[in-house]
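Student: If it helps, the file is called model-v6.txt and holds compact mmCIF, C-alpha atoms:
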```txt
# COMPACT_ATOMS: atom_id res chain seq x y z
CA PHE A 1 -15.40 22.50 6.21
CA SER A 2 -18.05 20.83 4.07
CA SER A 3 -15.51 18.84 2.06
CA ALA A 4 -12.72 18.22 4.55
CA GLY A 5 -11.05 14.94 3.73
CA TYR A 6 -12.80 14.55 0.38
CA HIS A 7 -9.64 14.49 -1.75
CA ALA A 8 -7.77 12.27 0.68
CA HIS A 9 -10.69 9.85 0.81
CA LEU A 10 -10.79 9.57 -2.98
CA SER A 11 -7.06 8.96 -3.11
CA ASP A 12 -7.53 6.08 -0.65
CA VAL A 13 -10.57 4.39 -2.19
CA ALA A 14 -9.93 4.98 -5.91
CA PRO A 15 -6.27 5.85 -6.46
CA GLU A 16 -6.30 5.01 -10.17
CA ALA A 17 -9.35 7.16 -10.94
CA SER A 18 -9.15 9.87 -8.29
CA GLY A 19 -7.93 12.52 -10.75
CA LYS A 20 -10.87 11.95 -13.08
CA ILE A 21 -13.37 11.92 -10.22
CA ILE A 22 -11.96 15.08 -8.65
CA GLY A 23 -11.91 16.81 -12.06
CA PHE A 24 -15.55 15.90 -12.64
CA THR A 25 -16.69 17.01 -9.19
CA ASN A 26 -14.72 20.26 -9.45
CA THR A 27 -16.43 21.00 -12.78
CA ILE A 28 -19.84 20.40 -11.22
CA GLY A 29 -18.84 22.63 -8.29
CA ILE A 30 -17.88 25.48 -10.61
CA VAL A 31 -21.18 25.26 -12.51
CA VAL A 32 -23.14 25.19 -9.25
CA GLY A 33 -21.09 28.15 -7.98
CA ILE A 34 -22.12 30.19 -11.03
CA ILE A 35 -25.78 29.23 -10.61
CA ALA A 36 -25.63 29.99 -6.87
CA ASN A 37 -24.70 33.61 -7.52
CA ILE A 38 -27.71 34.03 -9.79
CA VAL A 39 -30.07 32.33 -7.34
CA THR A 40 -28.74 34.40 -4.43
CA ALA A 41 -29.33 37.62 -6.34
CA ARG A 42 -32.87 36.61 -7.28
CA VAL A 43 -33.76 35.50 -3.74
CA LEU A 44 -32.30 38.72 -2.33
CA ASP A 45 -34.26 40.81 -4.84
CA ALA A 46 -37.47 38.93 -4.05
CA THR A 47 -37.18 39.04 -0.26
CA GLY A 48 -35.00 42.07 0.40
CA SER A 49 -33.14 40.15 3.10
CA PHE A 50 -30.32 37.66 3.35
CA GLN A 51 -32.30 35.54 5.83
CA ALA A 52 -33.77 33.31 3.08
CA CYS A 53 -30.31 32.96 1.49
CA PHE A 54 -28.80 31.85 4.79
CA PHE A 55 -31.65 29.39 5.39
CA LEU A 56 -31.20 27.93 1.90
CA THR A 57 -27.44 27.62 2.46
CA SER A 58 -27.93 25.84 5.78
CA ALA A 59 -30.43 23.44 4.19
CA ILE A 60 -27.94 22.61 1.44
CA TYR A 61 -25.16 21.97 3.98
CA ALA A 62 -27.47 19.73 6.01
CA SER A 63 -28.32 17.71 2.89
CA GLU A 64 -24.60 17.39 2.06
CA LEU A 65 -23.95 16.04 5.54
CA LEU A 66 -26.69 13.46 5.20
CA ALA A 67 -25.52 12.41 1.72
CA PHE A 68 -21.92 12.10 2.91
CA PHE A 69 -22.78 9.78 5.77
CA ALA A 70 -25.27 7.82 3.66
CA PHE A 71 -23.03 7.15 0.67
CA VAL A 72 -19.36 7.42 1.67
CA LYS A 73 -18.12 4.07 2.83
CA PRO A 74 -14.59 2.83 3.55
CA GLY A 75 -12.90 0.40 1.17
CA LYS A 76 -11.90 0.32 -2.47
CA LEU A 77 -14.29 1.56 -5.13
CA ALA A 78 -14.97 -0.55 -8.20
CA VAL A 79 -14.19 1.99 -10.90
```
As C-alpha cells, please, write out the structure in this file.

Tutor:
Amino acid sequence: FSSAGYHAHLSDVAPEASGKIIGFTNTIGIVVGIIANIVTARVLDATGSFQACFFLTSAIYASELLAFFAFVKPGKLAV
C-alpha cells in the first residue's frame, strides 16, 4: 500500500535509469528492514507493549505520505 505505483511511476519518468533507481531504493529498503527488526525488539523490551511500535510505524507511514506528495511530480526526470 505504501508504495503502490512506485515502480510504474519510475518507468514513466525515468525509463533509462529506472533499473538503477529501483535497485538503489530496494537496497536501502533492505537495510532499513534489518534495522527495523532491531529497533522493534528494543522498543518492545523497553516498553513491554507493541503500542509504541505501532505508533512509530504509523508516524513513519504518515511521513512517507507527506514526502510522496511533496516530491513526486509528473514529467520526465533529468537523470

Student: What is the distance, in Å and to one decimal place, between CA of Tyr6 (chain A) and CA of Asn37 (chain A)?

Tutor: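 According to the coordinates, CA of Tyr6 (chain A) and CA of Asn37 (chain A) are separated by 23.8 Å.
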
Student: Show me, as a list in words, the residues that have an atom within 12 Å of Phe68 (chain A) when counting all atoms listed in the file, minus same-chain residues fewer than 3 positions from it.

Tutor: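 Near Phe68 (chain A), the qualifying residues are Ser2, Ser3, Ala4, Gly5, Tyr6, His9, Tyr61, Ala62, Ser63, Glu64, Leu65, Phe71, Val72, Lys73 and Pro74 of chain A.
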
Student: Let's have the selection written as a PDB file, keeping the file's coordinate frame, with C-alpha atoms.

Tutor:
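Written file, again.pdb:
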```pdb
ATOM      1  CA  SER A   2     -18.050  20.830   4.070  1.00  0.00           C
ATOM      2  CA  SER A   3     -15.510  18.840   2.060  1.00  0.00           C
ATOM      3  CA  ALA A   4     -12.720  18.220   4.550  1.00  0.00           C
ATOM      4  CA  GLY A   5     -11.050  14.940   3.730  1.00  0.00           C
ATOM      5  CA  TYR A   6     -12.800  14.550   0.380  1.00  0.00           C
ATOM      6  CA  HIS A   9     -10.690   9.850   0.810  1.00  0.00           C
ATOM      7  CA  TYR A  61     -25.160  21.970   3.980  1.00  0.00           C
ATOM      8  CA  ALA A  62     -27.470  19.730   6.010  1.00  0.00           C
ATOM      9  CA  SER A  63     -28.320  17.710   2.890  1.00  0.00           C
ATOM     10  CA  GLU A  64     -24.600  17.390   2.060  1.00  0.00           C
ATOM     11  CA  LEU A  65     -23.950  16.040   5.540  1.00  0.00           C
ATOM     12  CA  PHE A  71     -23.030   7.150   0.670  1.00  0.00           C
ATOM     13  CA  VAL A  72     -19.360   7.420   1.670  1.00  0.00           C
ATOM     14  CA  LYS A  73     -18.120   4.070   2.830  1.00  0.00           C
ATOM     15  CA  PRO A  74     -14.590   2.830   3.550  1.00  0.00           C
TER      16      PRO A  74
END
```

Student: What does the structure give for the distance between CA of Phe55 (chain A) and CA of Val39 (chain A), in Å to one decimal?

Tutor: 13.2 Å
